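Data block below; observations after.
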There are 2 protein chains.
Amino acid sequence: MHPEPLHAMAGLVRTLTRFTDLTQAEQRAIQDLPARPRLVGPGVDIVPAGSAPVQCCLVLDGWLCRYRLLSAGRRQILALHLPGDVPDLQNLHLPTRDDGLAALTKATVALIPHESLRALTTAFSNLATALWRTLLVDAAIQRAWLVGLGRRSAHERTAHLVCELYLRLAAIGLAADHRYRLPLTQAALADTLGLTSVHINRTFTAMREQNLLTLRGGVLTIHDWDALVQAGGFDPGYLHLPR
Amino acid sequence: MHPEPLHAMAGLVRTLTRFTDLTQAEQRAIQDLPARPRLVGPGVDIVPAGSAPVQCCLVLDGWLCRYRLLSAGRRQILALHLPGDVPDLQNLHLPTRDDGLAALTKATVALIPHESLRALTTAFSNLATALWRTLLVDAAIQRAWLVGLGRRSAHERTAHLVCELYLRLAAIGLAADHRYRLPLTQAALADTLGLTSVHINRTFTAMREQNLLTLRGGVLTIHDWDALVQAGGFDPGYLHLPR
DNA sequence: CGCGACCTTGAAGAACGTCAATGGTCGTGG
DNA sequence: CCACGACCATTGACGTTCTTCAAGGTCGCG
């Protein structure tokens with residue numbers, strides 16, 4: 001596939017250039033970060049809840065999620081993380097985390113020691129700012145989800161998530177032509193949207209019958225983008241994507 | 001204890017000392033921030049959604065909330081802000097906001113120009129870090145709410161919020177003896193918890209009958225803290241309060 | 001006294017969950 | 001190549017939670 005002029009940190013560079021232009025020196029400093037790559041299978045816990053990690057996890061490939069477990073086997077997914085994301089960046093500043101980080105698909109991540117990142121941010125305050133902004137965007141997405149869980153119906157919530165994922169994936173070259181790979185089980189989608197997998201299934205079925213979208217074999221196809229945006233009350237501003 | 005500086009910025013100093021000890025110079029720098037105080041009535045919009053403010057709002061007194069409006073008159077409250085909080089701190093780093101900021105009670109706020117805050121953070125990197133951490137704690141609270149809206153029943157959610165507010169208010173001297181002023185209408189509580197005011201009412205009634213708590217005349221009294229913690233699945237770690 | 005804002009309560013219905021059974025797909029091993 | 005099992009999607013019947021609608025009731029305040 002790739003002609004591989006792409007070093008492992010290319011995704012991180014792309015993420016950060018969303019917020020500022022990076023100088024050659026800054027890009028090189030990112031490339032030179034010591035990356036301990038790790039391949040994980042679906043379902044693997046990368047950072048267990050309650051731990052105090054000493055390294056940050058950069059997603060190179062695959063889908064990760066942050067989640068919390070409750071009694072009676074309940075799970076809520078707090079965030080979906082795609083290549084280029086640093087899901088546990090906040091642990092650079094607050095030691096312990098209350099949520100877990102797990103792979104939803106086969107995935108590869110790069111583990112970067114906190115000290116290396118700290119050295120990077122003291123050397124390049126521009127990068128420090130850019131990293132903070134990624135945290136703010138994560139928080140903005142979380143707010144959008146909060147609104148959905150609190151005040152939107154299953155139908156609206158699902159439409160909203162499908163729209164969000166399309167734009168986020170398109171921004172990293174993993175979606176185009178109103179179509180993308182959605183490698184999540186309906187159970188994972190349910191834990192994301194605060195529903196049951198049964199109801200997720202019925203909702204997708206209904207949306208297919210309305211000719212909004214199709215989900216088959218892990219591929220999601222949007223048939224009517226405008227109608228979907230409308231159905232989800234979707235306004236992409238919060239993603240802070242270029243354009 | 002402290003000789004209690006009762007200047008307007010005392011609340012901000014207290015908030016920040018949760019995360020680091022402040023030197024005399026740092027405290028004085030905070031006191032010297034130009035504060036434009038403003039008295040607002042309940043329901044007043046302080047920062048309308050979609051605007052790009054040039055100053056931050058510090059809560060001196062009263063309750064504020066960040067919220068989003070949806071079609072059909074729906075509202076979701078994203079955060080409750082108490083004295084000492086800086087609800088729109090993130091606008092120091094991301095220009096526009098997608099949510100609104102409003103007073104829920106009569107309240108006084110201090111408006112601090114962004115440039116003054118930026119000067120403060122460049123002069124005292126320690127304060128910059130402390131301010132960032134308040135944002136991370138806000139995000140942690142938001143995650144807890146997300147879990148509640150997604151996966152907890154009305155009963156659990158309500159218990160959880162009552163516990164959270166007790167600890168947050170106690171930390172700023174506004175709660176003690178398992179009792180505090182809760183000056184929110186049931187409609188506001190409903191918009192916080194993703195329910196209807198009718199159901200909020202029934203939930204509180206049920207909890208009173210279980211001898212968990214009483215809400216009367218704007219005063220909430222917790223009769224059985226342990227049982228309430230249990231009912232809400234409440235674990236206070238995410239608040240990052242001392243002790 | 002009367003009005004507005006809020007709380008309270010009942011009855012009916014919609015949205016979503018639970019339980020359970022069936023079937024599809026894919027990888028693995030015989 | 002087929003059989004099997006694991007995992008996931010799908011569907012139906014039924015239950016629960018929460019909402020909606022509507023009607024008082026309470027309280028403070030002009």
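The way I read the labels, and the way they are meant: chains A, B, ... in the order of the structure tokens, residue 1 as the first residue of every chain, and ligand 1 as the first ligand shown, with later ones counted on from there.
For region 13-44 of chain B, backbone-based DSSP labels the following residues as helix (DSSP H, G or I): B:Val13, B:Arg14, B:Thr15, B:Leu16, B:Thr17, B:Gln24, B:Ala25, B:Glu26, B:Gln27, B:Arg28, B:Ala29, B:Ile30, B:Gln31.
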Export of the given selection (C-alpha atoms) as a tab-separated table (two decimals), in the first residue's frame:
```tsv
chain	number	residue	atom	x	y	z
B	13	VAL	CA	-6.69	31.51	44.21
B	14	ARG	CA	-8.48	28.77	46.11
B	15	THR	CA	-9.33	26.90	42.94
B	16	LEU	CA	-5.75	26.99	41.73
B	17	THR	CA	-4.24	25.97	45.06
B	24	GLN	CA	3.24	35.10	47.29
B	25	ALA	CA	4.18	36.68	43.98
B	26	GLU	CA	1.77	34.44	42.13
B	27	GLN	CA	-1.07	35.17	44.50
B	28	ARG	CA	-0.41	38.87	44.21
B	29	ALA	CA	-0.38	38.65	40.43
B	30	ILE	CA	-3.77	37.03	40.54
B	31	GLN	CA	-5.14	39.66	42.90
```
**Request:** Output the contact residues of chain A with respect to chain C at a cut-off of 8 Å, based on only C-alpha atoms (C1' of nucleotides), as a ChimeraX atom specification.
**Result:** /A:195-196,199
Go ahead and write the selection's residues with C-alpha atoms as a compact mmCIF listing (two decimals), in the first residue's frame.
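Full text of again-v9.txt as output:
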```
# COMPACT_ATOMS: atom_id res chain seq x y z
CA LEU A 195 -28.36 2.15 23.64
CA THR A 196 -28.63 -1.63 23.32
CA HIS A 199 -31.98 -1.06 19.30
```
**Request:** Give the residues of chain D that lie within 9 Å of chain B; count only C-alpha atoms (C1' of nucleotides), and format the answer as a ChimeraX atom specification.
**Result:** /D:17-19
**Complete:** What separates CA of Ile200 (chain A) and C1' of DC21 (chain D) is a distance of 29.1 Å
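When only C-alpha atoms are used to measure the gap to chain B, the shortest distance among A:Arg118, A:His7, A:His81, A:Arg133 belongs to A:Arg133.
In the backbone-derived DSSP annotation, strand (DSSP E) within region 162-236 of chain A comprises Ala175, Ala176, Arg179, Tyr180, Arg181, Leu213, Thr214, Leu215, Arg216, Val219, Leu220, Thr221 and Ile222 of chain A.
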Keeping C-alpha atoms for every residue in the selection just given, could you write it to a file as a compact mmCIF listing (two decimals), in the first residue's frame?
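Result written to result_33.txt:
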```
# COMPACT_ATOMS: atom_id res chain seq x y z
CA ALA A 175 -13.26 8.14 4.09
CA ALA A 176 -14.41 9.51 0.78
CA ARG A 179 -18.51 5.85 2.44
CA TYR A 180 -16.15 4.41 5.02
CA ARG A 181 -15.13 1.29 6.85
CA LEU A 213 -27.53 4.95 4.73
CA THR A 214 -26.50 1.31 4.54
CA LEU A 215 -24.27 -0.59 6.93
CA ARG A 216 -23.16 -3.93 5.54
CA VAL A 219 -18.83 -0.69 5.35
CA LEU A 220 -21.06 2.29 5.92
CA THR A 221 -22.48 4.05 2.91
CA ILE A 222 -24.30 7.34 3.22
```
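Residue list for chain A within 7 Å of chain B: Arg74, Gln76, Leu78, Asp98, Ala139, Arg143, Leu146, Val147, Leu149, Gly150, Arg151, Leu193, Gly194 and Tyr238 of chain A, counting only C-alpha atoms.
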Save the residues we just selected, C-alpha atoms, as a compact mmCIF listing (two decimals), in the first residue's frame?
```
# COMPACT_ATOMS: atom_id res chain seq x y z
CA ARG A 74 -22.75 -1.91 31.63
CA GLN A 76 -20.08 3.44 28.23
CA LEU A 78 -16.40 7.93 26.16
CA ASP A 98 -10.57 6.91 35.73
CA ALA A 139 -13.53 17.89 24.97
CA ARG A 143 -19.75 17.83 24.75
CA LEU A 146 -23.22 14.67 26.03
CA VAL A 147 -25.89 16.67 24.24
CA LEU A 149 -27.09 11.28 25.14
CA GLY A 150 -29.09 13.79 27.12
CA ARG A 151 -31.46 15.20 24.57
CA LEU A 193 -24.59 5.78 21.85
CA GLY A 194 -26.01 4.69 25.19
CA TYR A 238 -17.16 21.52 16.99
```
